[in-house]
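Structure record follows, encoded as structure tokens.
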Amino acid sequence: MDGILIIAEAGVNHNGDVDLAHRLIDEAKYAGADVVKFQTAKPELVASRYADKAAYQKQTTDAAESQLDMIKKILLPFEDFIELKRHCDEVGIEFLSTPFEPTALKFLIDECGLSTIKIPSGEITNAPFLLQIARTGKKIILSTGMSTLGEVEAALGVLAFGYLREGTPKSDRDLVEAYAEAQRLGVLREKITLLHCTTEYPAPFDEVNLSAMATMRRAFGLPVGYSDHTPGIAISLAAAALGAVVIEKHFTLDKNLPGPDHKASLEPNELRSMIEGIRQIELAIGDGVKAPTAREYGNIKIARKSLIARRSISKGEVFSDENVTVKRPATGISPMRYWEMLGRTAERNYVEDEIL
């Protein structure tokens with residue numbers, strides 16, 4: 001599509017309730033989002049029973065339960081996503097879901113027909129999974145939260161190898177060569193969009209570092225967007241103004257619902273406001289050519305000025321700063337010719353305030 005792609009991240013804000021997931025689709029469509037995104041996985045393939053929860057998850061869910069137990073409560077079974085995809089098709093919004101492990105990847109491609117794979121920040125160092133994703137040949141949106149520039153480049157090397165070569169890499173050199181080849185052929189630019197991201201919920205404003213979008217754009221020559229975890233909508237709007245090609249933002253029906261992500265999400269009215277603001281920013285960015293707009297041309301005569309008779313001027317009198325001034329409207333000689341006119345002789349009489 002043309003313009004900024006807006007992804008309304010439903011994530012796991014359905015709390016494992018498929019009916020709630022359907023309502024989230026309707027709200028995303030009503031708000032004007034291009035895409036509504038969920039998360040798909042078999043919990044036992046994502047986290048071991050010893051995996052701890054993040055600090056923000058302990059604050060918003062039972063601090064005593066494991067990450068695995070939390071995930072089991074909030075993920076939907078695979079079959080529900082077929083129904084959700086059908087709903088998206090019916091209302092006219094793109095369905096997307098992030099796979100967190102290989103069986104989810106296969107399901108989403110084979111059963112839901114995904115043409116784009118969203119890779120979450122936590123998988124950026126999961127080289128075997130990155131290779132599997134690239135092997136599908138699909139387009140990729142890669143979140144880069146918690147990453148250094150070098151880690152992003154390493155991930156791109158794995159993805160490049162997966163797109164271009166058979167087998168598995170034997171050394172880092174294989175990845176470097178594949179990356180260079182993919183850059184030369186334009187494969188990465190065709191296939192991959194990077195998302196800058198701060199992986200904290202909510203993300204503190206002083207840790208956002210939106211300037212990193214430009215850094216990645218320069219470093220990799222790829223389209224760059226922003227996955228926003230900050231409170232409110234201001235930073236998403238700023239990212240749009242700074243050239244983000246994708247904006248991803250969590251949303252919920254109610255911030256007070258139980259679950260790990262609700263408090264760091266937008267409610268439907270906020271999502272609508274964000275999308276409206278982004279669309280206004282798109283219009284305002286323009287083409288970069290500095291010239292009057294169509295409407296400005298109509299105001300030039302009103303707002304600019306002309307050379308005007310400061311007082312009555314007789315035919316044959318010399319124009320000077322004593323008898324020439326500058327006033328509106330701009331229907332006479334431009335004040336840019338002021339000094340050129342001084343010293344010339346009036347060819348007729350002028351009354352005070354008459355345009356020269």
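In the structure tokens, each chain is lettered A, B, ... as it comes, each chain's residues begin at 1, and ligands are numbered from 1 in order of appearance.
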
Residue list (alpha helix (DSSP H), DSSP) for region 178-331 of chain A, as number ranges by chain: A: 178-185, 187-191, 211-220, 234-241, 268-285, 294-303

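Those residues that approach Thr198 (chain A) to within 10 Å, counting only C-alpha atoms, are Ser121, Ser143, Thr144, Gly145, Met146, Ser147, Pro202, Ala203, Pro204, Phe205, Glu207, Val208, Asn209, Leu210, Tyr226, Ser227, Asp228, His229 and Thr230 of chain A; same-chain residues fewer than 4 positions away are not listed.
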
Go ahead and save the picked residues with C-alpha atoms, as a compact mmCIF listing (two decimals), in the first residue's frame.
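The result, written out as result14.txt:
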# COMPACT_ATOMS: atom_id res chain seq x y z
CA SER A 121 12.40 -8.55 18.95
CA SER A 143 11.49 -5.78 15.22
CA THR A 144 14.86 -4.81 16.66
CA GLY A 145 14.17 -4.11 20.34
CA MET A 146 17.05 -4.87 22.74
CA SER A 147 19.45 -5.07 19.77
CA PRO A 202 5.45 0.89 28.88
CA ALA A 203 8.68 2.20 27.37
CA PRO A 204 10.09 5.31 29.14
CA PHE A 205 10.25 8.32 26.87
CA GLU A 207 14.73 5.37 26.32
CA VAL A 208 12.88 5.66 23.01
CA ASN A 209 15.78 7.00 20.90
CA LEU A 210 13.78 7.63 17.73
CA TYR A 226 8.61 1.93 14.63
CA SER A 227 6.98 -0.43 17.10
CA ASP A 228 5.71 1.82 19.88
CA HIS A 229 5.42 0.73 23.52
CA THR A 230 5.27 4.22 25.05

Shell around region 256-265 of chain A at 8 Å using only C-alpha atoms, local window under 3 positions removed, as a PyMOL selection string: chain A and resi 12-13+15+56-57+60-61+74+201-202+229-231+249-252

With N, CA and C atoms retained, export the selected residues as a compact mmCIF listing (two decimals), in the first residue's frame.
# COMPACT_ATOMS: atom_id res chain seq x y z
N VAL A 12 -1.89 -10.38 22.61
CA VAL A 12 -2.61 -11.32 23.49
C VAL A 12 -3.63 -10.58 24.34
N ASN A 13 -4.04 -9.41 23.90
CA ASN A 13 -5.00 -8.62 24.68
C ASN A 13 -6.43 -9.16 24.59
N ASN A 15 -6.82 -12.06 25.97
CA ASN A 15 -6.78 -12.87 27.20
C ASN A 15 -7.22 -14.32 26.99
N TYR A 56 7.64 -6.06 34.29
CA TYR A 56 6.32 -5.47 34.01
C TYR A 56 5.23 -6.53 34.01
N GLN A 57 5.58 -7.77 33.62
CA GLN A 57 4.59 -8.86 33.62
C GLN A 57 4.24 -9.26 35.05
N THR A 60 1.67 -6.84 36.36
CA THR A 60 0.33 -6.85 35.77
C THR A 60 -0.33 -8.23 35.81
N THR A 61 0.41 -9.26 36.23
CA THR A 61 -0.15 -10.61 36.37
C THR A 61 0.35 -11.21 37.68
N ILE A 74 -3.09 -17.07 28.05
CA ILE A 74 -3.45 -15.95 27.17
C ILE A 74 -3.29 -16.24 25.68
N TYR A 201 7.47 -2.27 28.71
CA TYR A 201 6.03 -1.99 28.64
C TYR A 201 5.56 -1.35 29.94
N PRO A 202 5.24 -0.07 29.97
CA PRO A 202 5.45 0.89 28.88
C PRO A 202 6.91 1.31 28.77
N HIS A 229 5.90 1.22 22.22
CA HIS A 229 5.42 0.73 23.52
C HIS A 229 5.29 1.85 24.54
N THR A 230 5.38 3.10 24.10
CA THR A 230 5.27 4.22 25.05
C THR A 230 3.81 4.49 25.38
N PRO A 231 3.56 5.18 26.49
CA PRO A 231 2.18 5.59 26.78
C PRO A 231 1.72 6.64 25.76
N LYS A 249 1.33 -0.48 17.07
CA LYS A 249 0.95 -0.02 18.40
C LYS A 249 -0.03 -0.99 19.03
N HIS A 250 0.24 -1.38 20.28
CA HIS A 250 -0.68 -2.25 21.02
C HIS A 250 -1.98 -1.51 21.33
N PHE A 251 -3.08 -2.24 21.25
CA PHE A 251 -4.36 -1.66 21.67
C PHE A 251 -5.18 -2.71 22.39
N THR A 252 -6.13 -2.23 23.17
CA THR A 252 -6.98 -3.10 23.98
C THR A 252 -8.38 -2.50 24.04

Can you pull out every residue within 7 Å of Val46 (chain A), counting only C-alpha atoms, but drop anything in the same chain fewer than 3 positions away, and send it as a ChimeraX atom specification? /A:42-43,100-101

Residue with smallest distance to Lys305 (chain A) - pool A:Ile4, A:Ala244, A:Leu156, A:Leu356, counting only C-alpha atoms: A:Leu356

Using only C-alpha atoms, determine which residues lie at most 12 Å from Phe78 (chain A), disregarding the query and same-chain residues fewer than 5 positions distant; provide the list as an MDAnalysis selection string. chainID A and resid 16 18 38:43 83:85 97 99 103:108 110:112

What does the file look like for those residues with N, CA and C atoms, as a PDB file, in the first residue's frame?
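Output file again-v2.pdb is given in full below:
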ATOM      1  N   GLY A  16      -6.977 -14.825  25.768  1.00  0.00           N
ATOM      2  CA  GLY A  16      -7.345 -16.212  25.491  1.00  0.00           C
ATOM      3  C   GLY A  16      -8.814 -16.413  25.160  1.00  0.00           C
ATOM      4  N   VAL A  18     -11.587 -15.954  22.379  1.00  0.00           N
ATOM      5  CA  VAL A  18     -11.693 -15.706  20.947  1.00  0.00           C
ATOM      6  C   VAL A  18     -12.772 -14.664  20.635  1.00  0.00           C
ATOM      7  N   PHE A  38      -1.995 -10.463  15.791  1.00  0.00           N
ATOM      8  CA  PHE A  38      -2.083 -11.289  16.986  1.00  0.00           C
ATOM      9  C   PHE A  38      -0.734 -11.983  17.219  1.00  0.00           C
ATOM     10  N   GLN A  39      -0.722 -12.931  18.155  1.00  0.00           N
ATOM     11  CA  GLN A  39       0.481 -13.715  18.443  1.00  0.00           C
ATOM     12  C   GLN A  39       0.084 -15.188  18.491  1.00  0.00           C
ATOM     13  N   THR A  40       0.884 -16.022  17.830  1.00  0.00           N
ATOM     14  CA  THR A  40       0.546 -17.439  17.690  1.00  0.00           C
ATOM     15  C   THR A  40       1.715 -18.310  18.122  1.00  0.00           C
ATOM     16  N   ALA A  41       1.424 -19.315  18.955  1.00  0.00           N
ATOM     17  CA  ALA A  41       2.473 -20.244  19.393  1.00  0.00           C
ATOM     18  C   ALA A  41       1.861 -21.366  20.213  1.00  0.00           C
ATOM     19  N   LYS A  42       2.595 -22.465  20.291  1.00  0.00           N
ATOM     20  CA  LYS A  42       2.313 -23.490  21.287  1.00  0.00           C
ATOM     21  C   LYS A  42       3.160 -23.149  22.510  1.00  0.00           C
ATOM     22  N   PRO A  43       2.540 -22.862  23.641  1.00  0.00           N
ATOM     23  CA  PRO A  43       3.263 -22.320  24.795  1.00  0.00           C
ATOM     24  C   PRO A  43       4.504 -23.119  25.182  1.00  0.00           C
ATOM     25  N   GLU A  83     -10.530 -18.812  12.062  1.00  0.00           N
ATOM     26  CA  GLU A  83     -11.766 -18.048  12.214  1.00  0.00           C
ATOM     27  C   GLU A  83     -11.476 -16.546  12.235  1.00  0.00           C
ATOM     28  N   LEU A  84     -10.412 -16.147  12.922  1.00  0.00           N
ATOM     29  CA  LEU A  84     -10.057 -14.729  12.990  1.00  0.00           C
ATOM     30  C   LEU A  84      -9.625 -14.202  11.624  1.00  0.00           C
ATOM     31  N   LYS A  85      -8.884 -15.017  10.894  1.00  0.00           N
ATOM     32  CA  LYS A  85      -8.483 -14.626   9.529  1.00  0.00           C
ATOM     33  C   LYS A  85      -9.719 -14.428   8.660  1.00  0.00           C
ATOM     34  N   SER A  97      -0.299 -12.360  12.236  1.00  0.00           N
ATOM     35  CA  SER A  97       0.006 -12.888  13.565  1.00  0.00           C
ATOM     36  C   SER A  97       1.477 -13.261  13.619  1.00  0.00           C
ATOM     37  N   PRO A  99       4.488 -15.478  14.625  1.00  0.00           N
ATOM     38  CA  PRO A  99       4.830 -16.820  15.094  1.00  0.00           C
ATOM     39  C   PRO A  99       6.020 -16.749  16.057  1.00  0.00           C
ATOM     40  N   THR A 103       6.251 -24.421  14.577  1.00  0.00           N
ATOM     41  CA  THR A 103       4.943 -24.979  14.222  1.00  0.00           C
ATOM     42  C   THR A 103       3.933 -23.857  13.961  1.00  0.00           C
ATOM     43  N   ALA A 104       4.069 -22.772  14.686  1.00  0.00           N
ATOM     44  CA  ALA A 104       3.195 -21.627  14.446  1.00  0.00           C
ATOM     45  C   ALA A 104       3.491 -20.994  13.092  1.00  0.00           C
ATOM     46  N   LEU A 105       4.753 -20.913  12.732  1.00  0.00           N
ATOM     47  CA  LEU A 105       5.137 -20.380  11.426  1.00  0.00           C
ATOM     48  C   LEU A 105       4.500 -21.192  10.305  1.00  0.00           C
ATOM     49  N   LYS A 106       4.629 -22.504  10.398  1.00  0.00           N
ATOM     50  CA  LYS A 106       4.067 -23.377   9.356  1.00  0.00           C
ATOM     51  C   LYS A 106       2.547 -23.230   9.291  1.00  0.00           C
ATOM     52  N   PHE A 107       1.901 -23.207  10.447  1.00  0.00           N
ATOM     53  CA  PHE A 107       0.449 -23.083  10.481  1.00  0.00           C
ATOM     54  C   PHE A 107      -0.006 -21.770   9.848  1.00  0.00           C
ATOM     55  N   LEU A 108       0.628 -20.676  10.221  1.00  0.00           N
ATOM     56  CA  LEU A 108       0.192 -19.368   9.734  1.00  0.00           C
ATOM     57  C   LEU A 108       0.358 -19.240   8.228  1.00  0.00           C
ATOM     58  N   ASP A 110       0.591 -22.036   5.987  1.00  0.00           N
ATOM     59  CA  ASP A 110      -0.187 -23.068   5.299  1.00  0.00           C
ATOM     60  C   ASP A 110      -1.691 -22.887   5.474  1.00  0.00           C
ATOM     61  N   GLU A 111      -2.127 -22.510   6.661  1.00  0.00           N
ATOM     62  CA  GLU A 111      -3.559 -22.474   6.962  1.00  0.00           C
ATOM     63  C   GLU A 111      -4.156 -21.065   6.903  1.00  0.00           C
ATOM     64  N   CYS A 112      -3.333 -20.063   7.167  1.00  0.00           N
ATOM     65  CA  CYS A 112      -3.851 -18.687   7.185  1.00  0.00           C
ATOM     66  C   CYS A 112      -3.363 -17.857   6.004  1.00  0.00           C
TER      67      CYS A 112
END

Please list as a PyMOL selection string every residue within 8 Å of Ala178 (chain A), counting only C-alpha atoms and excluding residues in the same chain fewer than 3 positions away. chain A and resi 157-158+160-161+164-165+174-175+181-182

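Restricting the calculation to only C-alpha atoms, the smallest distance between Glu200 (chain A) and any of A:Ala10, A:Ala54, A:Val176, A:Val36 is found for A:Ala54.
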
Tell me, counting only C-alpha atoms, for each residue of region 232-299 of chain A within 12 Å of region 191-194 of chain A, which pair of atoms is nearest and how far apart they are in Å to one decimal, in rows ordered by chain and increasing number, as a tab-separated table.
residue	atom	partner	partner_atom	distance
A:Ala244	CA	A:Leu194	CA	9.8
A:Val245	CA	A:Thr193	CA	8.4
A:Val246	CA	A:Thr193	CA	8.3
A:Ile247	CA	A:Leu194	CA	11.0
A:Glu248	CA	A:Leu194	CA	11.6

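You can rank A:Ala21, A:Ile275, A:Leu96, A:Ile124 by their closest distance to Glu153 (chain A) using only C-alpha atoms, and at the top of that list sits A:Ile124.
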
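Of the listed residues A:Val91, A:Ser48, A:Ile117, A:Thr98, the one whose atoms come nearest to Asp26 (chain A) is A:Val91, with distances taken using only C-alpha atoms.
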
So that I can check the surroundings of Met213 (chain A), please list as a PDB file with C-alpha atoms, in the first residue's frame every protein, DNA and RNA residue that reaches within 10 Å of it, counting only C-alpha atoms and ignoring chain neighbours fewer than 5 positions away.
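This is the output file out26.pdb:
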ATOM      1  CA  LEU A 194      13.053  -3.042  10.109  1.00  0.00           C
ATOM      2  CA  LEU A 195      11.188  -1.727  13.131  1.00  0.00           C
ATOM      3  CA  HIS A 196      12.965   0.281  15.779  1.00  0.00           C
ATOM      4  CA  CYS A 197      11.604  -0.658  19.189  1.00  0.00           C
ATOM      5  CA  ARG A 218      21.639   4.716   6.764  1.00  0.00           C
ATOM      6  CA  ALA A 219      23.378   1.542   7.913  1.00  0.00           C
ATOM      7  CA  PRO A 223      12.764   0.710   4.994  1.00  0.00           C
ATOM      8  CA  VAL A 224      12.438   1.454   8.712  1.00  0.00           C
ATOM      9  CA  GLY A 225       9.385   1.820  10.936  1.00  0.00           C
ATOM     10  CA  TYR A 226       8.613   1.927  14.628  1.00  0.00           C
ATOM     11  CA  ALA A 239       7.966   8.493  14.328  1.00  0.00           C
ATOM     12  CA  LEU A 242      10.523  11.199  11.034  1.00  0.00           C
ATOM     13  CA  GLY A 243       9.805   8.891   8.111  1.00  0.00           C
ATOM     14  CA  ALA A 244       8.592   5.615   9.630  1.00  0.00           C
TER      15      ALA A 244
END

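CA of Thr125 (chain A) lies 20.9 Å from CA of Arg49 (chain A).
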
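Take the candidates A:Ser115, A:Glu322, A:Arg135, A:Pro120 and check each one against Thr199 (chain A) using only C-alpha atoms; the shortest distance goes to A:Pro120.
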
Step one, run DSSP on the backbone; step two, keep only residues of region 88-246 of chain A assigned to strand (DSSP E or B); then write them as a PDB file with C-alpha atoms, in the first residue's frame.
ATOM      1  CA  GLU A  94      -5.348  -7.471   6.838  1.00  0.00           C
ATOM      2  CA  PHE A  95      -4.791 -10.335   9.275  1.00  0.00           C
ATOM      3  CA  LEU A  96      -1.321 -10.813  10.714  1.00  0.00           C
ATOM      4  CA  SER A  97       0.006 -12.888  13.565  1.00  0.00           C
ATOM      5  CA  THR A  98       3.510 -13.252  14.919  1.00  0.00           C
ATOM      6  CA  PRO A  99       4.830 -16.820  15.094  1.00  0.00           C
ATOM      7  CA  THR A 116       4.297 -11.286   5.489  1.00  0.00           C
ATOM      8  CA  ILE A 117       5.958 -12.632   8.630  1.00  0.00           C
ATOM      9  CA  LYS A 118       6.407 -10.345  11.629  1.00  0.00           C
ATOM     10  CA  ILE A 119       9.463 -11.356  13.667  1.00  0.00           C
ATOM     11  CA  LYS A 139       8.323 -10.652   3.208  1.00  0.00           C
ATOM     12  CA  ILE A 140       9.489  -9.898   6.740  1.00  0.00           C
ATOM     13  CA  ILE A 141       8.921  -7.154   9.286  1.00  0.00           C
ATOM     14  CA  LEU A 142      11.747  -7.450  11.813  1.00  0.00           C
ATOM     15  CA  SER A 143      11.494  -5.779  15.221  1.00  0.00           C
ATOM     16  CA  ILE A 192      12.584  -6.730   4.757  1.00  0.00           C
ATOM     17  CA  THR A 193      11.337  -3.805   6.804  1.00  0.00           C
ATOM     18  CA  LEU A 194      13.053  -3.042  10.109  1.00  0.00           C
ATOM     19  CA  LEU A 195      11.188  -1.727  13.131  1.00  0.00           C
ATOM     20  CA  HIS A 196      12.965   0.281  15.779  1.00  0.00           C
ATOM     21  CA  CYS A 197      11.604  -0.658  19.189  1.00  0.00           C
ATOM     22  CA  VAL A 224      12.438   1.454   8.712  1.00  0.00           C
ATOM     23  CA  GLY A 225       9.385   1.820  10.936  1.00  0.00           C
ATOM     24  CA  TYR A 226       8.613   1.927  14.628  1.00  0.00           C
ATOM     25  CA  SER A 227       6.980  -0.431  17.105  1.00  0.00           C
ATOM     26  CA  ASP A 228       5.714   1.815  19.882  1.00  0.00           C
ATOM     27  CA  VAL A 246       5.295   1.214   9.496  1.00  0.00           C
TER      28      VAL A 246
END

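Coordinates place CA of Glu347 (chain A) at a distance of 21.7 Å from CA of Pro329 (chain A).
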
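Nearest residue to Ala134 (chain A), choosing from A:Gly122, A:Gly332, A:Gly162, A:Gly150 and counting only C-alpha atoms: A:Gly162.
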
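We find CA of Ser273 (chain A) and CA of Lys290 (chain A) to be spaced 29.3 Å apart.
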